[in-house]
>>> print(open('target.csv').read())   # CSV, C-alpha atoms
chain,number,residue,atom,x,y,z
A,23,MET,CA,-68.0,-37.9,-90.8
A,24,GLU,CA,-66.6,-36.3,-93.9
A,25,LEU,CA,-64.2,-38.3,-96.0
A,26,THR,CA,-61.9,-37.2,-98.7
A,27,LEU,CA,-61.7,-39.2,-101.9
A,28,ALA,CA,-58.4,-40.9,-100.9
A,29,GLN,CA,-59.9,-41.9,-97.5
A,30,GLY,CA,-63.0,-43.2,-99.1
A,31,ILE,CA,-61.0,-45.3,-101.6
A,32,ILE,CA,-58.9,-46.8,-98.7
A,33,LYS,CA,-61.9,-47.7,-96.6
A,34,ALA,CA,-63.8,-49.1,-99.6
A,35,SER,CA,-60.9,-51.2,-100.7
A,36,ALA,CA,-60.3,-52.5,-97.2
A,37,LEU,CA,-63.9,-53.6,-96.9
A,38,LEU,CA,-63.9,-55.1,-100.4
A,39,GLY,CA,-60.7,-56.9,-99.6
A,40,ALA,CA,-62.2,-58.3,-96.4
A,41,GLY,CA,-65.2,-59.7,-98.3
A,42,LEU,CA,-62.9,-61.2,-101.0
A,43,CYS,CA,-60.6,-62.7,-98.3
A,44,MET,CA,-63.5,-64.4,-96.5
A,45,GLY,CA,-65.0,-65.7,-99.8
A,46,MET,CA,-61.8,-67.2,-101.2
A,47,GLY,CA,-60.5,-68.4,-97.9
A,48,ALA,CA,-63.7,-70.3,-97.3
A,49,LEU,CA,-63.3,-72.3,-100.5
A,50,GLY,CA,-60.4,-74.5,-99.4
A,51,PRO,CA,-61.5,-75.5,-95.9
A,52,GLY,CA,-65.0,-76.3,-97.3
A,53,LEU,CA,-63.6,-78.6,-99.9
A,54,GLY,CA,-61.2,-80.2,-97.5
A,55,GLU,CA,-63.7,-80.8,-94.7
A,56,GLY,CA,-66.2,-82.3,-97.1
A,57,PHE,CA,-63.5,-84.6,-98.5
A,58,VAL,CA,-62.5,-85.7,-95.0
A,59,ALA,CA,-66.2,-86.3,-94.0
A,60,GLY,CA,-66.8,-88.4,-97.1
A,61,LYS,CA,-63.7,-90.5,-96.5
A,62,ALA,CA,-64.8,-91.0,-92.9
A,63,CYS,CA,-68.2,-92.2,-94.0
A,64,GLU,CA,-66.6,-94.7,-96.3
A,65,GLY,CA,-64.4,-95.9,-93.4
A,66,ILE,CA,-67.3,-96.3,-91.1
A,67,ALA,CA,-69.3,-98.2,-93.7
A,68,ARG,CA,-66.4,-100.5,-94.2
A,69,SER,CA,-65.7,-101.2,-90.5
A,70,PRO,CA,-68.5,-100.0,-88.2
A,71,GLU,CA,-66.7,-101.3,-85.1
A,72,ASN,CA,-64.1,-98.5,-85.4
A,73,ALA,CA,-66.8,-95.8,-85.7
A,74,SER,CA,-65.8,-93.8,-82.5
A,75,LEU,CA,-62.1,-93.8,-83.4
A,76,ILE,CA,-62.8,-92.6,-87.0
A,77,THR,CA,-65.2,-89.9,-85.8
A,78,ARG,CA,-62.6,-88.6,-83.3
A,79,THR,CA,-59.9,-88.5,-85.9
A,80,MET,CA,-62.2,-86.9,-88.4
A,81,LEU,CA,-63.1,-84.1,-86.0
A,82,VAL,CA,-59.5,-83.4,-85.2
A,83,GLY,CA,-58.5,-83.4,-88.9
A,84,GLN,CA,-61.3,-81.2,-89.8
A,85,ALA,CA,-60.4,-78.7,-87.1
A,86,VAL,CA,-56.8,-78.6,-88.3
A,87,SER,CA,-57.8,-78.2,-92.0
A,88,GLU,CA,-60.2,-75.4,-90.9
A,89,SER,CA,-57.3,-73.3,-89.8
A,90,THR,CA,-56.6,-71.7,-93.2
A,91,GLY,CA,-60.2,-70.4,-93.1
A,92,ILE,CA,-59.6,-69.1,-89.6
A,93,TYR,CA,-56.5,-67.2,-90.8
A,94,SER,CA,-58.5,-65.6,-93.5
A,95,LEU,CA,-61.1,-64.6,-90.9
A,96,VAL,CA,-58.4,-63.0,-88.8
A,97,ILE,CA,-57.1,-61.1,-91.8
A,98,ALA,CA,-60.6,-60.0,-92.7
A,99,LEU,CA,-61.2,-58.7,-89.1
A,100,LEU,CA,-57.9,-56.8,-89.3
A,101,LEU,CA,-59.0,-55.2,-92.6
A,102,ILE,CA,-62.3,-54.2,-91.2
A,103,PHE,CA,-61.3,-52.9,-87.8
A,104,ALA,CA,-57.6,-52.1,-87.8
A,105,VAL,CA,-57.4,-50.1,-91.1
A,106,LYS,CA,-57.4,-46.5,-89.8
A,107,ILE,CA,-58.3,-43.7,-92.2
B,2,MET,CA,-72.8,-89.8,-39.1
B,3,ALA,CA,-72.3,-86.3,-37.9
B,4,LYS,CA,-73.1,-83.6,-40.4
B,5,LYS,CA,-69.9,-82.0,-41.6
B,6,LYS,CA,-69.9,-78.3,-42.4
B,7,ASN,CA,-68.8,-77.8,-46.0
B,8,PRO,CA,-66.4,-74.8,-46.3
B,9,ILE,CA,-66.2,-75.0,-50.1
B,10,LEU,CA,-69.8,-74.2,-50.5
B,11,LYS,CA,-69.3,-71.1,-48.4
B,12,ILE,CA,-66.3,-70.1,-50.4
B,13,CYS,CA,-68.3,-70.5,-53.6
B,14,LEU,CA,-71.2,-68.4,-52.2
B,15,ILE,CA,-68.8,-65.6,-51.1
B,16,PHE,CA,-67.1,-65.6,-54.4
B,17,PHE,CA,-70.4,-65.4,-56.3
B,18,VAL,CA,-71.5,-62.4,-54.2
B,19,ILE,CA,-68.2,-60.6,-54.8
B,20,GLU,CA,-68.4,-61.3,-58.5
B,21,ILE,CA,-72.0,-59.8,-58.7
B,22,ALA,CA,-70.8,-56.8,-56.7
B,23,LEU,CA,-67.8,-56.3,-59.1
B,24,VAL,CA,-70.0,-56.5,-62.1
B,25,TYR,CA,-72.3,-53.8,-60.7
B,26,LEU,CA,-69.4,-51.6,-59.7
B,27,SER,CA,-67.4,-51.8,-62.9
B,28,GLY,CA,-70.4,-50.4,-64.7
B,29,ASN,CA,-71.1,-53.2,-67.2
B,30,PHE,CA,-74.6,-53.6,-65.9
B,31,SER,CA,-75.9,-50.2,-67.0
B,32,ARG,CA,-78.5,-51.3,-69.4
B,33,LYS,CA,-80.8,-48.3,-69.7
B,34,LEU,CA,-84.3,-49.8,-69.4
B,35,GLU,CA,-87.5,-47.8,-69.3
B,36,ILE,CA,-90.1,-49.5,-67.1
B,37,GLY,CA,-93.5,-48.1,-66.6
B,38,PHE,CA,-97.0,-47.5,-68.0
B,39,SER,CA,-97.6,-46.0,-71.4
B,40,ASP,CA,-101.1,-46.0,-72.9
B,41,LYS,CA,-102.3,-48.1,-70.0
B,42,LYS,CA,-99.9,-50.8,-71.0
B,43,PHE,CA,-97.0,-52.1,-69.0
B,44,VAL,CA,-93.9,-51.7,-71.1
B,45,ILE,CA,-90.2,-52.5,-70.7
B,46,ARG,CA,-88.3,-50.7,-73.3
B,47,HIS,CA,-84.6,-50.4,-74.1
B,48,ILE,CA,-84.0,-46.6,-74.3
B,49,ASP,CA,-81.0,-46.4,-76.6
B,50,SER,CA,-82.1,-49.1,-78.9
B,51,GLU,CA,-80.9,-47.2,-82.0
B,52,PHE,CA,-77.4,-48.5,-82.3
B,53,ASN,CA,-74.7,-48.9,-84.8
B,54,LEU,CA,-73.6,-52.5,-85.3
B,55,GLN,CA,-70.0,-51.6,-85.6
B,56,ASP,CA,-70.2,-49.5,-82.5
B,57,LYS,CA,-71.7,-52.4,-80.7
B,58,ILE,CA,-68.9,-54.8,-81.9
B,59,SER,CA,-66.2,-52.4,-80.9
B,60,GLU,CA,-67.8,-51.8,-77.5
B,61,GLU,CA,-67.7,-55.6,-76.9
B,62,PHE,CA,-64.2,-56.3,-78.3
B,63,GLN,CA,-62.1,-53.1,-78.1
B,64,ILE,CA,-63.6,-51.5,-75.0
B,65,ASP,CA,-60.8,-49.0,-74.4
B,66,GLU,CA,-60.8,-47.7,-77.9
B,67,TYR,CA,-64.5,-47.4,-77.8
B,68,TYR,CA,-64.4,-45.3,-74.7
B,69,ALA,CA,-61.6,-43.1,-76.0
B,70,HIS,CA,-63.5,-42.6,-79.3
B,71,HIS,CA,-66.7,-41.6,-77.7
B,72,GLY,CA,-65.3,-39.3,-75.1
B,73,GLU,CA,-67.0,-41.2,-72.3
B,74,LYS,CA,-65.3,-41.6,-69.0
B,75,PRO,CA,-64.9,-45.3,-68.1
B,76,THR,CA,-64.6,-46.5,-64.5
B,77,LEU,CA,-62.7,-49.2,-62.8
B,78,TRP,CA,-64.3,-50.6,-59.6
B,79,GLY,CA,-66.7,-47.7,-59.9
B,80,SER,CA,-64.0,-45.0,-59.6
B,81,SER,CA,-62.6,-43.0,-62.5
B,82,LYS,CA,-59.5,-42.0,-60.4
B,83,LEU,CA,-58.2,-45.5,-60.5
B,84,TYR,CA,-58.8,-45.6,-64.2
B,85,ASP,CA,-56.8,-42.4,-64.6
B,86,PHE,CA,-54.0,-43.9,-62.5
B,87,PHE,CA,-53.7,-47.0,-64.6
B,88,ASP,CA,-54.1,-45.0,-67.8
B,89,ARG,CA,-51.1,-42.8,-66.8
B,90,MET,CA,-48.8,-45.8,-66.4
B,91,PRO,CA,-45.7,-45.5,-68.5
B,92,PHE,CA,-46.3,-48.6,-70.6
B,93,ASP,CA,-49.0,-48.9,-73.2
B,94,SER,CA,-51.9,-49.9,-71.0
B,95,THR,CA,-55.6,-50.5,-71.7
B,96,PRO,CA,-57.1,-50.7,-68.2
B,97,VAL,CA,-60.7,-51.9,-68.7
B,98,GLY,CA,-59.8,-54.6,-71.2
B,99,THR,CA,-56.9,-55.8,-69.1
B,100,PHE,CA,-59.0,-55.7,-66.0
B,101,GLN,CA,-61.7,-57.8,-67.6
B,102,LEU,CA,-59.2,-60.3,-69.0
B,103,LEU,CA,-57.4,-60.8,-65.7
B,104,ARG,CA,-60.7,-61.1,-63.9
B,105,MET,CA,-61.9,-63.8,-66.3
B,106,LEU,CA,-58.6,-65.7,-66.0
B,107,LEU,CA,-58.8,-65.5,-62.2
B,108,ILE,CA,-62.4,-66.9,-62.3
B,109,VAL,CA,-61.3,-69.8,-64.5
B,110,ASP,CA,-58.4,-70.6,-62.2
B,111,ILE,CA,-60.6,-70.6,-59.1
B,112,LEU,CA,-63.2,-72.7,-60.9
B,113,ILE,CA,-60.5,-75.3,-61.8
B,114,MET,CA,-59.2,-75.3,-58.2
B,115,ILE,CA,-62.7,-75.7,-56.7
B,116,ILE,CA,-63.5,-78.6,-59.1
B,117,VAL,CA,-60.2,-80.3,-58.4
B,118,ILE,CA,-60.5,-80.0,-54.7
B,119,LEU,CA,-64.1,-81.2,-54.7
B,120,ILE,CA,-63.2,-84.2,-56.9
B,121,ARG,CA,-60.2,-85.0,-54.8
B,122,ARG,CA,-62.0,-84.7,-51.4
B,123,PHE,CA,-64.9,-87.0,-52.4
B,124,LEU,CA,-62.8,-89.6,-54.0
B,125,THR,CA,-64.5,-93.0,-53.4
B,126,PHE,CA,-64.0,-96.6,-54.5
B,127,LYS,CA,-67.5,-96.6,-56.0
B,128,PRO,CA,-67.4,-93.5,-58.2
B,129,GLY,CA,-70.1,-91.0,-58.5
B,130,LYS,CA,-71.0,-89.1,-61.7
B,131,PRO,CA,-68.4,-86.3,-61.6
B,132,GLN,CA,-65.7,-88.7,-60.6
B,133,ILE,CA,-66.5,-90.9,-63.6
B,134,LEU,CA,-66.4,-87.9,-65.9
B,135,PHE,CA,-63.0,-86.8,-64.7
B,136,GLU,CA,-61.7,-90.4,-64.7
B,137,ILE,CA,-62.7,-90.6,-68.3
B,138,ILE,CA,-61.0,-87.4,-69.2
B,139,TYR,CA,-57.8,-88.3,-67.3
B,140,GLY,CA,-57.8,-91.9,-68.5
B,141,SER,CA,-58.2,-91.1,-72.2
B,142,LEU,CA,-55.6,-88.3,-72.2
B,143,GLU,CA,-53.2,-90.6,-70.4
B,144,GLU,CA,-53.8,-93.2,-73.1
B,145,PHE,CA,-53.0,-90.6,-75.7
B,146,VAL,CA,-49.8,-89.7,-73.9
B,147,VAL,CA,-48.7,-93.4,-73.6
B,148,GLU,CA,-49.5,-93.9,-77.3
B,149,THR,CA,-47.5,-90.9,-78.5
B,150,LEU,CA,-44.6,-90.7,-76.1
B,151,GLY,CA,-44.2,-94.2,-74.8
B,152,LYS,CA,-44.8,-95.8,-71.4
B,153,ASP,CA,-41.8,-94.4,-69.6
B,154,LYS,CA,-42.8,-90.7,-70.3
B,155,VAL,CA,-46.2,-90.9,-68.8
B,156,TYR,CA,-45.4,-88.0,-66.5
B,157,TYR,CA,-46.3,-85.6,-69.2
B,158,THR,CA,-50.0,-86.4,-68.4
B,159,PRO,CA,-50.6,-83.7,-65.7
B,160,TYR,CA,-49.5,-80.9,-68.1
B,161,ILE,CA,-51.7,-82.2,-70.9
B,162,VAL,CA,-54.7,-82.6,-68.6
B,163,THR,CA,-54.3,-79.2,-67.1
B,164,LEU,CA,-54.0,-77.6,-70.5
B,165,PHE,CA,-57.1,-79.3,-71.7
B,166,LEU,CA,-59.2,-78.5,-68.6
B,167,PHE,CA,-58.0,-74.8,-68.6
B,168,LEU,CA,-58.9,-74.3,-72.3
B,169,TRP,CA,-62.1,-76.2,-72.0
B,170,ILE,CA,-63.4,-74.1,-69.1
B,171,CYS,CA,-62.1,-71.0,-70.8
B,172,ASN,CA,-64.0,-71.7,-74.0
B,173,MET,CA,-67.2,-72.6,-72.2
B,174,ILE,CA,-67.4,-69.8,-69.6
B,175,GLY,CA,-68.8,-67.4,-72.1
B,176,LEU,CA,-72.1,-69.3,-71.8
B,177,ILE,CA,-72.8,-67.8,-68.4
B,178,PRO,CA,-75.1,-64.8,-69.1
B,179,ILE,CA,-73.5,-62.2,-66.8
B,180,PRO,CA,-72.6,-58.9,-68.5
B,181,GLY,CA,-68.9,-58.6,-68.8
B,182,PHE,CA,-68.2,-62.3,-68.9
B,183,MET,CA,-66.1,-63.2,-71.9
B,184,GLU,CA,-63.9,-66.1,-73.0
B,185,PRO,CA,-60.3,-65.3,-72.0
B,186,THR,CA,-59.2,-67.1,-75.1
B,187,ARG,CA,-60.9,-64.4,-77.1
B,188,ASN,CA,-57.9,-62.2,-76.3
B,189,LEU,CA,-54.9,-63.1,-78.4
B,190,ASN,CA,-52.5,-62.9,-75.5
B,191,VAL,CA,-53.8,-66.0,-73.8
B,192,PRO,CA,-53.5,-68.5,-76.7
B,193,LEU,CA,-50.2,-66.9,-77.8
B,194,GLY,CA,-48.8,-67.4,-74.3
B,195,LEU,CA,-50.0,-71.0,-74.2
B,196,GLY,CA,-48.6,-71.8,-77.6
B,197,PHE,CA,-45.3,-70.2,-76.8
B,198,LEU,CA,-45.2,-72.2,-73.6
B,199,SER,CA,-45.9,-75.5,-75.4
B,200,VAL,CA,-43.0,-74.8,-77.9
B,201,VAL,CA,-40.7,-74.0,-75.0
B,202,ILE,CA,-41.6,-77.3,-73.4
B,203,VAL,CA,-40.9,-79.1,-76.7
B,204,HIS,CA,-37.4,-77.7,-76.8
B,205,VAL,CA,-36.7,-78.2,-73.1
B,206,SER,CA,-37.7,-81.9,-73.3
B,207,ALA,CA,-35.7,-82.4,-76.5
B,208,ILE,CA,-32.6,-80.9,-74.8
B,209,LYS,CA,-33.3,-83.1,-71.8
B,210,PHE,CA,-33.6,-86.4,-73.8
B,211,LYS,CA,-31.2,-85.8,-76.7
B,212,GLY,CA,-28.6,-83.5,-75.2
B,213,ALA,CA,-28.1,-79.8,-75.7
B,214,TRP,CA,-25.4,-79.8,-78.4
B,215,HIS,CA,-27.1,-82.6,-80.4
B,216,HIS,CA,-30.4,-80.7,-80.4
B,217,ILE,CA,-29.0,-77.2,-81.2
B,218,GLN,CA,-27.0,-78.6,-84.1
B,219,ASN,CA,-30.2,-79.1,-85.9
B,220,TYR,CA,-30.7,-75.3,-86.1
B,221,ILE,CA,-27.2,-74.0,-86.7
B,222,ASN,CA,-25.3,-76.6,-88.6
B,223,PRO,CA,-25.8,-76.5,-92.4
B,224,VAL,CA,-23.8,-79.7,-92.9
B,225,LYS,CA,-26.0,-81.8,-90.7
B,226,ASN,CA,-29.3,-80.2,-91.6
B,227,PRO,CA,-29.2,-78.3,-95.0
B,228,LEU,CA,-32.7,-76.8,-94.5
B,229,PHE,CA,-32.0,-75.3,-91.0
B,230,LEU,CA,-33.4,-71.9,-92.0
B,231,LEU,CA,-36.7,-73.6,-92.8
B,232,ASP,CA,-36.7,-75.3,-89.4
B,233,ILE,CA,-36.2,-72.0,-87.6
B,234,VAL,CA,-39.2,-70.5,-89.5
B,235,GLY,CA,-41.1,-73.6,-88.8
B,236,GLU,CA,-40.7,-73.2,-85.0
B,237,ILE,CA,-42.1,-69.7,-85.2
B,238,SER,CA,-45.0,-70.8,-87.4
B,239,LYS,CA,-45.8,-73.5,-84.9
B,240,VAL,CA,-46.6,-70.9,-82.3
B,241,VAL,CA,-48.5,-68.7,-84.8
B,242,SER,CA,-50.6,-71.6,-86.2
B,243,ILE,CA,-51.5,-73.2,-82.9
B,244,SER,CA,-52.5,-70.0,-81.2
B,245,PHE,CA,-54.3,-68.2,-84.1
B,246,ARG,CA,-56.4,-71.3,-84.7
B,247,LEU,CA,-57.9,-71.2,-81.2
B,248,PHE,CA,-58.1,-67.4,-81.1
B,249,GLY,CA,-59.9,-67.1,-84.5
B,250,ASN,CA,-62.4,-69.8,-83.7
B,251,ILE,CA,-63.5,-68.3,-80.4
B,252,LEU,CA,-63.5,-64.7,-81.7
B,253,GLY,CA,-65.4,-65.6,-84.8
B,254,GLY,CA,-68.0,-67.5,-82.8
B,255,ALA,CA,-68.4,-64.6,-80.4
B,256,ILE,CA,-68.8,-62.1,-83.3
B,257,ILE,CA,-71.3,-64.3,-85.0
B,258,ILE,CA,-73.4,-64.7,-81.8
B,259,LEU,CA,-73.3,-60.9,-81.2
B,260,VAL,CA,-74.3,-60.0,-84.8
B,261,VAL,CA,-77.1,-62.6,-85.0
B,262,SER,CA,-78.5,-61.7,-81.6
B,263,SER,CA,-78.6,-58.0,-82.4
B,264,LEU,CA,-80.4,-58.8,-85.7
B,265,VAL,CA,-83.0,-61.0,-84.1
B,266,SER,CA,-83.2,-59.5,-80.6
B,267,PHE,CA,-86.4,-61.1,-79.3
B,268,VAL,CA,-86.0,-64.6,-80.7
B,269,VAL,CA,-84.4,-67.4,-78.7
B,270,PHE,CA,-82.4,-68.5,-81.7
B,271,PRO,CA,-79.0,-67.2,-80.4
B,272,VAL,CA,-79.2,-69.8,-77.6
B,273,GLY,CA,-78.6,-72.6,-80.1
B,274,LEU,CA,-75.8,-70.7,-81.7
B,275,SER,CA,-74.3,-70.1,-78.2
B,276,LEU,CA,-74.5,-73.8,-77.5
B,277,PHE,CA,-72.9,-74.7,-80.8
B,278,PHE,CA,-70.0,-72.3,-80.5
B,279,GLY,CA,-69.6,-72.6,-76.8
B,280,ILE,CA,-69.8,-76.3,-76.2
B,281,PHE,CA,-69.1,-78.0,-79.5
B,282,VAL,CA,-66.5,-75.7,-81.0
B,283,GLY,CA,-65.0,-75.0,-77.6
B,284,THR,CA,-64.5,-78.7,-76.7
B,285,ILE,CA,-63.2,-79.5,-80.2
B,286,GLN,CA,-60.7,-76.6,-80.2
B,287,ALA,CA,-59.5,-77.3,-76.7
B,288,PHE,CA,-58.9,-81.0,-77.7
B,289,VAL,CA,-57.1,-80.0,-80.9
B,290,PHE,CA,-54.8,-77.5,-79.0
B,291,THR,CA,-54.0,-80.2,-76.5
B,292,MET,CA,-53.4,-82.9,-79.2
B,293,LEU,CA,-51.1,-80.6,-81.2
B,294,ALA,CA,-49.1,-79.7,-78.2
B,295,LEU,CA,-48.7,-83.4,-77.4
B,296,THR,CA,-47.8,-84.1,-81.1
B,297,TYR,CA,-45.1,-81.5,-81.1
B,298,ILE,CA,-43.5,-83.1,-78.1
B,299,GLY,CA,-43.9,-86.5,-79.7
B,300,VAL,CA,-42.2,-85.5,-82.9
B,301,GLU,CA,-39.1,-84.5,-81.0
B,302,ILE,CA,-38.8,-87.2,-78.3
B,303,GLY,CA,-41.2,-89.9,-79.4
B,304,GLU,CA,-40.1,-93.4,-79.6
>>> encode(input="target.csv", output="structure tokens")
Amino acid sequence: MELTLAQGIIKASALLGAGLCMGMGALGPGLGEGFVAGKACEGIARSPENASLITRTMLVGQAVSESTGIYSLVIALLLIFAVKI
Amino acid sequence: MAKKKNPILKICLIFFVIEIALVYLSGNFSRKLEIGFSDKKFVIRHIDSEFNLQDKISEEFQIDEYYAHHGEKPTLWGSSKLYDFFDRMPFDSTPVGTFQLLRMLLIVDILIMIIVILIRRFLTFKPGKPQILFEIIYGSLEEFVVETLGKDKVYYTPYIVTLFLFLWICNMIGLIPIPGFMEPTRNLNVPLGLGFLSVVIVHVSAIKFKGAWHHIQNYINPVKNPLFLLDIVGEISKVVSISFRLFGNILGGAIIILVVSSLVSFVVFPVGLSLFFGIFVGTIQAFVFTMLALTYIGVEIGE
């Protein structure tokens, strides 16, 4: 498959953008989920009888705060597969 | 006690046989294997093992574009005439992908029906294992509904339980190792439809409990609600956020499983990945979707 210069630049910048998108988009959810897990550990240590409730709430909260990372995953997939040259 | 004939087992068996035949006929099973003796050794070799990873991903996830790009004639139920017929339809149709999606949705529906009928038929006072599992699911979701909406609106429970069961089985059905089996939630249309449905139910119940004019005023009256434009955008973003979350999780898991299992073809490592993404992430995401749908209702009509 022969590419002209402009097509090559478009393809390369789309792939680069996908990598940057995933890398930066993974920062926020990682920080947020770690924070939630730490707080849940504190809560369980303070009141071990509520452990199941805290674990359940922690999982739901983590899944919700993960969604920004998932959006960046969708954008990266769009950049890789849907950019036609 | 006379031995009763069980018709449901027969139905399951017939369904299974039909499904295997469909898989063979629709051409997904054509793995080109070379089986024989070479250098006095028994070998099983995959013939076209030189593949492009991107080709493989697009074959798995965009099957119609893959066929159109490679100039290969795809078949539907083993016949290419049927494929041409659906391809010549006036609307923008992608026959193989649609056929696979509809087949998987039908399989999930029939599974749910069989499970529910079995549980309902063998309901006993002294519960067995499956009955205990489903009583736990129903009971805990009912408890959530009562906590969120109040005791007089407990009739929202069947919708919530059905949503949870449907999404749960949808997310876990990719574990079954038949070629062509995929999670229906991997296609964006299914989560988008369910998210749109949940927002429609929110507004219908709000109109029912608060009155039509009282509810619509929130979105058109700048005196009563100065930020009404933001609320309209918020309703749209509810649908987008709830459906893209599920879609992205399931699709990302499927792509990771595909990439890792083509990198390490002969190690059993992808089984663990499949268990993680199928069972753990699938259950969590189905639960989150259900909880968010319930919370959206609760924000509008909660006590």
>>> closest_residue(input="target.csv", among="B:His70, B:Thr95, B:Thr149, B:Ile256", to="Leu99 in chain A", atoms="all atoms listed in the file")
B:Ile256
>>> atom_distance(input="target.csv", atom1="CA of Gly60 in chain A", atom2="CA of Ser74 in chain A")
15.6 Å
>>> interface_residues(input="target.csv", of="chain A", to="chain B", cutoff="9 Å", atoms="all atoms listed in the file", output="list in words")
Leu81, Val82, Gly83, Ala85, Val86, Glu88, Ser89, Thr90, Ile92, Tyr93, Leu95, Val96 and Phe103 of chain A
>>> residues_around(input="target.csv", residues="Met44 in chain A", least_positions_apart="2", cutoff="9 Å", atoms="only C-alpha atoms", output="ChimeraX atom specification")
/A:39-42,46-49,91,94-95,97-98
>>> atom_distance(input="target.csv", atom1="CA of His216 in chain B", atom2="CA of Tyr160 in chain B")
22.7 Å
>>> atom_distance(input="target.csv", atom1="CA of Pro128 in chain B", atom2="CA of Asn172 in chain B")
27.1 Å
>>> residues_around(input="target.csv", residues="Ala36 in chain A", least_positions_apart="3", cutoff="8 Å", atoms="all atoms listed in the file", output="short mmCIF file (atom, residue, chain, number, x, y, z; two decimals) with C-alpha atoms, in the frame of the given file")
data_model
loop_
_atom_site.label_atom_id
_atom_site.label_comp_id
_atom_site.auth_asym_id
_atom_site.auth_seq_id
_atom_site.Cartn_x
_atom_site.Cartn_y
_atom_site.Cartn_z
CA ILE A 32 -58.90 -46.80 -98.70
CA LYS A 33 -61.90 -47.70 -96.60
CA GLY A 39 -60.70 -56.90 -99.60
CA ALA A 40 -62.20 -58.30 -96.40
CA LEU A 101 -59.00 -55.20 -92.60
CA ILE A 102 -62.30 -54.20 -91.20
CA VAL A 105 -57.40 -50.10 -91.10
#
>>> closest_residue(input="target.csv", among="B:Tyr156, B:Phe197, B:Phe165, B:Phe182", to="Thr284 in chain B", atoms="all atoms listed in the file")
B:Phe165
